[in-house]
Every structure is written in C-alpha cells, then in structure tokens.
Amino acid sequence: MSTIGYDSWAVDLAEVGAVYPFQGSEGLMVVLGVIFWIGWHRIQFVREGEHLQKAKNIGDKEKITSLLEKY
Amino acid sequence: MDGNLNALTTVFTEFYYWVTVVFMFLIHVGFCMYEVGASRHRNHMHTLMKNIMIIPLVTVTFFFFGWWIYWAFPSFPFFGGLNHEAGAANLPWSENMGTNLSDRITGVFWAAFLLFSWTAASIVSGAVIERIRSSALWVHAVMIGSVFWIIDAAWGWHAEGWMVKYLGYHDAYASGVIHAVAGGYALGVIMVLGPRLGKFAADGTPRDIPPHNPWMLTIGIFLIYSGFWGFYAACNIPAISPEGIGGLLTGETWTATNIYLAPTSLSAITFNFLMSLSGGLMAAYVVSKGDAFWTFSGGLAGIITASAGNDLYHPIQAMLVGAVGVVIVYNLHYWVERTFKIDDAVGAVAVHGYSGIVGLIIAGFLLWGAPSSPYEGYATVNPVGQTLGAVIMFFVLGWLPAFVISKIQAAMGVLRIPAEVEIQGLDYAEHHAYEEAKAAIIEADKAALNIGKVPAE
C-alpha cells in the first residue's frame with residue numbers, strides 16, 4: 001500500500017507514468033487549490049479595505065506636507 | 001571513459017554539477033546581504049566579515065575531513081563500522097581529490113556538497129548577529145558545516161545511509177538534512193548566547209528590532225531563491241541508466257534521480273519548487289498581515305517545508321504543504337520568542353529549523369508506503385521514520401552539539417562580546433580608524449593642492 005501507487009522501484013520506467021501521491025484525486029486537489037487562491041483574494045480585499053479606512057483618518061497635515069516635499 | 005556515450009554522460013554530469021555550484025554561490029551572497037540588511041549600521045562590517053570567513057574555513061575543513069565523513073559514515077556507528085573503502089577514495093591525500101583525468105566527477109560533487117555546508121553554517125550565522133564573537137561563530141561554522149550536517153547527510157542523504165535503510169527516511173531536497181539540522185544548531189547557540197541588548201523589555205515583552213535596510217533584505221532573499229534553484233538541481237543525479245543504478249529497476253530507460261538514486265525529473269522539481277514558493281509567499285502574506293520580512297522569508301519556508309517530498313509531490317500538494325508549513329512556523333516562532341525569551345534575529349530557527357521538521361513529518365504521511373530507495377530490503381517512507389528523522393536532525397545532530405559547544409565557549413568567556421562593545425557597535429574601532437585615515441588623506445591632498453605640485457614631480 002503506497003500513496004504513489006508503487007511500493008517498490010522494481011519497475012521498467014518505460015511503463016511508468018505519474019508517480020505523485022493520490023493519483024485520481026487531481027480534481028479534488030484543483031478544487032482545494034482554487035479555494036486557497038480565491039480565499040486569499042477575499043482575505044486581502046477585506047483586510048486592505050479595513051486598513052485604508054483606518055489610514056485615511058490618521059494623517060497629520062504638517063507631516064504629510066513634509067512628506068510631499070521629500071518626494 | 002569507455003565509448004562516446006559514456007564520455008558524453010560523464011562530461012555532461014561534470015558540467016551539470018559545476019553549473020549548480022555557481023548558482024549556489026548566490027545563496028551565500030544572499031545570506032550576506034540579508035544579514036547586513038538586518039543588522040544595525042554600527043555592526044555592518046563585522047556582520048559581513050563573520051559570514052564571509054565561513055567560506056574559506058568550511059571549505060578547507062570540508063576538504064580535510066568533511067567529505068570523508070560523508071563516504072565513511074553511512075552505517076557508523078549504530079549499524080556497522082566506518083566504510084574505509086569508500087572513505088579512502090575521499091581522503092585529502094587520495095588521488096581522486098586532485099587533478100585526475102580518470103575521475104572527472106569527485107571535484108564537482110565535492111563542491112556541490114561544500115556549498116550545502118556553507119549554507120548550513122550561514123543559517124546559524126544569521127541567528128546570532130550583533131552579539132557573538134566571530135571566533136566563536138567560526139568554530140560553530142566548522143562544526144555544523146564540516147561535521148554535523150555531513151554526518152546527517154551520510155545517515156539520511158546517502159543511498160546506503162542507515163536512516164534510509166531502516167527508517168525509510170525520505171528527504172529529497174533537504175528539509176531535514178540541511179535546514180532542520182542548521183535551525184536546531186542555531187537554536188542551541190542562541191539559547192546559550194542570549195538575546196541582543198534591548199530585545200526584551202524589563203517585563204519580558206519582546207521588542208521588534210527592525211532591519212536597517214529592507215531593500216537589502218529583499219535583494220538578499222531573492223538571491224537566496226535564485227541559488228535555491230541550483231541547490232535543487234544539485235540534489236539530483238542528472239542522467240543515469242538502470243544498469244548504472246544497479247538496483248531493482250528493470251528495462252533500459254535512463255532517468256534523473258534524487259540523491260537516493262530513486263527516479264524523479266527536473267520537470268517535477270521545477271513544478272514543485274515554484275508552487276511551494278508561491279504557497280509559502282501567499283500564506284506568509286496573510287498570516288503576517290503583509291509584513292515584508294515574513295512574507296519574503298515565508299517563500300523560503302514554503303519551499304523548505306515541501307522539499308522533503310518535492311521529488312514526488314503533485315504541484316498543488318507542494319503549494320498547500322508550503323502554505324500549511326508557513327502558518328505553523330510563523331506562530332511557533334512568536335510562541336517560542338514570548339515563552340522562552342529567545343532572540344532569533346533573522347528568524348533562522350523558524351524558517352529553516354521548524355519548516356524542516358514540519359516538512360519531514362508531512363512527507364511521512366503524504367508519501368506513506370512509497371519506496372525510499374531503488375534497492376531491495378529498504379523500509380518504505382512512513383510517518384514514524386520521518387518523525388524520528390526530524391528529531392535526529394533537529395535535536396540530536398543540531399541542537400545538542402551546538403548547546404554543548406556554546407556552553408563550553410561561554411564558560412571560557414569566548415562566546416559573547418562585552419556589553420560595552422555591543423552598545424557602541426562592533427564596527428566602532430574600525431569606523432574610527434576609517435575616519436582618521438580619511439581625515440589624514442584629505443589633509444595631505446589639501447597640502448599638495450596648496451604647494452601646487454604632486455609628490456611625483
């Protein structure tokens with residue numbers, strides 16, 4: 001019993017294809033991967049929105065002016 | 001070299017490893033930039049010198065005895081004696097260890113391993129910046145670079161290593177044999193060395209000591225990523241026939257293999273390197289709330305976590321393993337810092353050590369039952385073997401010797417710099433000499449200008 005489908009390398013490599021674990025679950029893996037990717041965007045949008053909301057009220061006019069001059 | 005095909009394969013292999021060595025040099029450049037960027041202005045030159053001198057010290061000692069250890073120790077001391085036959089060909093006085101037209105591989109293979117040795121030592125160097133004596137660090141560099149990591153390579157990163165045979169230990173791109181051992185070693189040193197002055201408030205609350213130059217850190221870590229490509233390629237045998245492997249493989253199809261001579265491909269590791277880097281970066285960005293230092297380091301931690309099984313994983317598995325590893329490692333770093341008051345200045349213990357441990361254990365589950373070797377009678381990959389392997393790498397060969405040697409150095413008063421020097425900065429004396437030399441030459445130039453002639457006239 002092996003997750004990659006082979007428990008020994010007593011094989012002719014000319015007859016071997018995929019050797020990654022859990023072959024046959026590619027669809028599930030893609031679903032998990034896409035959830036990770038979309039979830040990342042969702043978290044990023046929410047966090048950045050919150051951050052910008054806070055940031056727009058913390059500026060000090062004098063400091064901002066000096067930053068503008070600093071370029 | 002008998003026959004054109006054999007000659008071509010040998011010269012290709014020789015060139016292949018040579019290229020990996022050049023790429024891997026970037027890892028050391030990156031570590032130097034990262035350390036200097038993370039240190040404060042008053043410690044720059046010292047920090048740089050501390051890391052640069054790792055290169056010659058580890059190189060000569062790896063030539064004298066490190067390389068011999070790799071060939072002599074695969075069964076020693078628990079499952080047999082020293083392998084004198086294999087070891088003899090790699091002793092510094094062997095004809096193989098020099099210009100020899102009947103052996104075109106030993107030099108480049110030695111160099112590939114040597115660059116791994118520099119990396120192991122450099123990982124430790126980062127954790128101890130701004131308060132260790134260079135003399136002490138350079139002893140540690142030799143011990144981790146030319147003794148302890150190469151013992152673990154003989155045991156767990158060699159086709160005949162006892163950990164591979166009996167534990168089914170699988171660590172294709174060195175989650176454990178480089179990163180866990182070096183992270184464990186760094187932890188052993190900093191536990192004795194103590195934190196930088198000011199790192200913890202009187203009530204024990206940790207303070208952040210921000211890098212003085214985030215851009216230098218960024219370029220440094222991107223150079224480490226670049227060098228890591230070379231490292232991955234160097235962990236493979238590029239092309240070998242089943243007959244050349246001499247194991248259970250049948251047929252006549254040539255293949256690339258991992259260090260255990262089990263089949264994989266450059267294509268596989270290219271997929272997995274990039275996907276685990278991406279998983280690490282994405283998870284680190286989220287978990288650190290966009291902290292640049294942790295996001296970049298998280299990319300590295302993602303690769304390291306997936307490295308044990310990146311010869312066989314599916315790319316999506318590599319991505320998710322990298323992501324999961326980073327979340328664990330990030331939280332573990334701050335828990336250890338808060339609980340034990342450990343000052344890991346560049347997160348080396350976390351990014352390398354904890355990632356290595358987590359990566360080994362995950363590989364034990366994901367690759368459960370896969371053959372660890374192309375030879376008969378070896379244990380297959382399993383979670384118990386991988387967990388024991390992680391303990392051996394991190395604690396037995398990493399943490400323990402570092403802790404003992406550091407205790408000895410501390411007792412001798414040669415481990416840590418005096419507090420006065422730490423406050424004024426390690427470059428203080430050199431900086432003054434520099435300023436005095438500058439003032440003197442400016443005065444001399446002004447005098448020459450006033451006289452109206454140059455000394456040569």
# chains A, B, ... in the order shown; residues from 1 in each chain; ligands from 1

call {"tool": "closest_atom_pairs", "arguments": {"of": "chain B", "to": "chain A", "cutoff": "7 Å", "atoms": "only C-alpha atoms", "output": "Markdown table"}}
result
| residue | atom | partner | partner_atom | distance |
| --- | --- | --- | --- | --- |
| B:Leu248 | CA | A:Ala10 | CA | 4.5 |
| B:Leu249 | CA | A:Ala10 | CA | 4.8 |
| B:Thr250 | CA | A:Asp12 | CA | 4.6 |
| B:Gly251 | CA | A:Asp12 | CA | 4.9 |
| B:Thr253 | CA | A:Leu13 | CA | 5.9 |
| B:Leu312 | CA | A:Tyr20 | CA | 5.1 |
| B:Tyr313 | CA | A:Tyr20 | CA | 5.0 |
| B:His314 | CA | A:Tyr20 | CA | 5.3 |
| B:Ile316 | CA | A:Gly33 | CA | 6.2 |
| B:Leu366 | CA | A:Pro21 | CA | 6.6 |
| B:Leu367 | CA | A:Thr3 | CA | 5.7 |
| B:Trp368 | CA | A:Thr3 | CA | 5.8 |
| B:Gly369 | CA | A:Ser2 | CA | 3.9 |
| B:Ala370 | CA | A:Asp7 | CA | 5.0 |
| B:Pro371 | CA | A:Ser8 | CA | 5.1 |
| B:Pro374 | CA | A:Trp9 | CA | 5.1 |

call {"tool": "closest_residue", "arguments": {"among": "B:Phe25, B:Trp138, B:Trp162, B:Trp155", "to": "Leu415 in chain B", "atoms": "only C-alpha atoms"}}
result
B:Trp138

call {"tool": "select_by_dssp", "arguments": {"residues": "chain A", "states": "helix (DSSP H, G or I)", "output": "MDAnalysis selection string"}}
result
chainID A and resid 13:15 26:55 61:70

call {"tool": "write_last_selection", "arguments": {"atoms": "C-alpha atoms", "output": "short mmCIF file (atom, residue, chain, number, x, y, z; two decimals), in the first residue's frame"}}
result
data_model
loop_
_atom_site.label_atom_id
_atom_site.label_comp_id
_atom_site.auth_asym_id
_atom_site.auth_seq_id
_atom_site.Cartn_x
_atom_site.Cartn_y
_atom_site.Cartn_z
CA LEU A 13 10.44 3.13 -16.27
CA ALA A 14 9.24 2.91 -19.88
CA GLU A 15 5.94 1.72 -18.42
CA GLU A 26 -6.48 15.65 -9.24
CA GLY A 27 -9.94 17.24 -9.46
CA LEU A 28 -10.19 17.49 -5.68
CA MET A 29 -6.68 18.92 -5.49
CA VAL A 30 -7.58 21.59 -8.03
CA VAL A 31 -10.71 22.46 -6.03
CA LEU A 32 -8.62 22.81 -2.85
CA GLY A 33 -6.03 24.86 -4.69
CA VAL A 34 -8.64 27.18 -6.15
CA ILE A 35 -10.29 27.62 -2.72
CA PHE A 36 -6.86 28.61 -1.36
CA TRP A 37 -6.34 31.09 -4.20
CA ILE A 38 -9.83 32.68 -4.09
CA GLY A 39 -9.77 32.69 -0.30
CA TRP A 40 -6.51 34.60 -0.41
CA HIS A 41 -8.07 37.34 -2.58
CA ARG A 42 -11.10 37.54 -0.31
CA ILE A 43 -8.95 37.97 2.82
CA GLN A 44 -6.80 40.54 1.04
CA PHE A 45 -9.76 42.66 -0.12
CA VAL A 46 -11.32 42.69 3.35
CA ARG A 47 -8.09 43.49 5.16
CA GLU A 48 -6.99 46.19 2.75
CA GLY A 49 -10.41 47.83 2.96
CA GLU A 50 -10.20 47.92 6.76
CA HIS A 51 -6.65 49.20 6.65
CA LEU A 52 -7.45 52.02 4.22
CA GLN A 53 -10.49 53.00 6.25
CA LYS A 54 -8.28 53.46 9.31
CA ALA A 55 -5.43 55.03 7.34
CA LYS A 61 -1.36 67.69 7.74
CA GLU A 62 2.06 69.03 8.70
CA LYS A 63 3.75 65.64 8.34
CA ILE A 64 2.00 64.96 5.06
CA THR A 65 3.24 68.30 3.71
CA SER A 66 6.81 67.48 4.65
CA LEU A 67 6.46 64.03 3.06
CA LEU A 68 5.20 65.64 -0.17
CA GLU A 69 8.23 67.92 -0.21
CA LYS A 70 10.53 64.99 0.45
#

call {"tool": "residues_around", "arguments": {"residues": "Arg338 in chain B", "least_positions_apart": "4", "cutoff": "12 Å", "atoms": "only C-alpha atoms", "output": "number ranges by chain"}}
result
B: 199-201, 203-208, 331-334, 342-344

call {"tool": "write_last_selection", "arguments": {"atoms": "C-alpha atoms", "output": "PDB file, in the first residue's frame"}}
result
ATOM      1  CA  LYS B 199      15.401  42.838  22.610  1.00  0.00           C
ATOM      2  CA  PHE B 200      13.194  42.247  25.632  1.00  0.00           C
ATOM      3  CA  ALA B 201      11.647  44.884  27.888  1.00  0.00           C
ATOM      4  CA  ASP B 203       8.731  42.761  31.889  1.00  0.00           C
ATOM      5  CA  GLY B 204       9.886  40.287  29.235  1.00  0.00           C
ATOM      6  CA  THR B 205       7.868  41.721  26.360  1.00  0.00           C
ATOM      7  CA  PRO B 206       9.771  41.205  23.103  1.00  0.00           C
ATOM      8  CA  ARG B 207      10.677  44.289  21.067  1.00  0.00           C
ATOM      9  CA  ASP B 208      10.948  44.248  17.317  1.00  0.00           C
ATOM     10  CA  ASN B 331       3.113  31.009  15.008  1.00  0.00           C
ATOM     11  CA  LEU B 332       5.752  28.740  16.527  1.00  0.00           C
ATOM     12  CA  HIS B 333       8.412  31.444  16.125  1.00  0.00           C
ATOM     13  CA  TYR B 334       6.479  34.006  18.173  1.00  0.00           C
ATOM     14  CA  ILE B 342      14.767  33.513  22.501  1.00  0.00           C
ATOM     15  CA  ASP B 343      16.169  36.144  20.135  1.00  0.00           C
ATOM     16  CA  ASP B 344      16.317  34.547  16.691  1.00  0.00           C
TER      17      ASP B 344
END

call {"tool": "closest_residue", "arguments": {"among": "B:Ala186, B:Ala306, B:Glu160, B:Gly298", "to": "Ile259 in chain B", "atoms": "only C-alpha atoms"}}
result
B:Glu160

call {"tool": "residues_around", "arguments": {"residues": "range 219-233 of chain B", "least_positions_apart": "2", "cutoff": "10 Å", "atoms": "only C-alpha atoms", "output": "number ranges by chain"}}
result
B: 16-37, 112-113, 115-116, 119, 172-174, 214-217, 235-238, 258, 265-266, 269-270, 273-274, 277, 293, 296-297, 299-300, 303-304, 307, 310-311

call {"tool": "closest_atom_pairs", "arguments": {"of": "range 152-187 of chain B", "to": "range 353-365 of chain B", "cutoff": "6 Å", "atoms": "only C-alpha atoms", "output": "JSON lines"}}
result
{"residue": "B:Ser175", "atom": "CA", "partner": "B:Gly356", "partner_atom": "CA", "distance": 4.3}
{"residue": "B:Gly176", "atom": "CA", "partner": "B:Gly356", "partner_atom": "CA", "distance": 5.0}
{"residue": "B:His179", "atom": "CA", "partner": "B:Gly353", "partner_atom": "CA", "distance": 5.5}
{"residue": "B:Ala180", "atom": "CA", "partner": "B:Gly353", "partner_atom": "CA", "distance": 4.0}
{"residue": "B:Gly183", "atom": "CA", "partner": "B:Gly353", "partner_atom": "CA", "distance": 3.7}
{"residue": "B:Gly184", "atom": "CA", "partner": "B:Gly353", "partner_atom": "CA", "distance": 5.7}
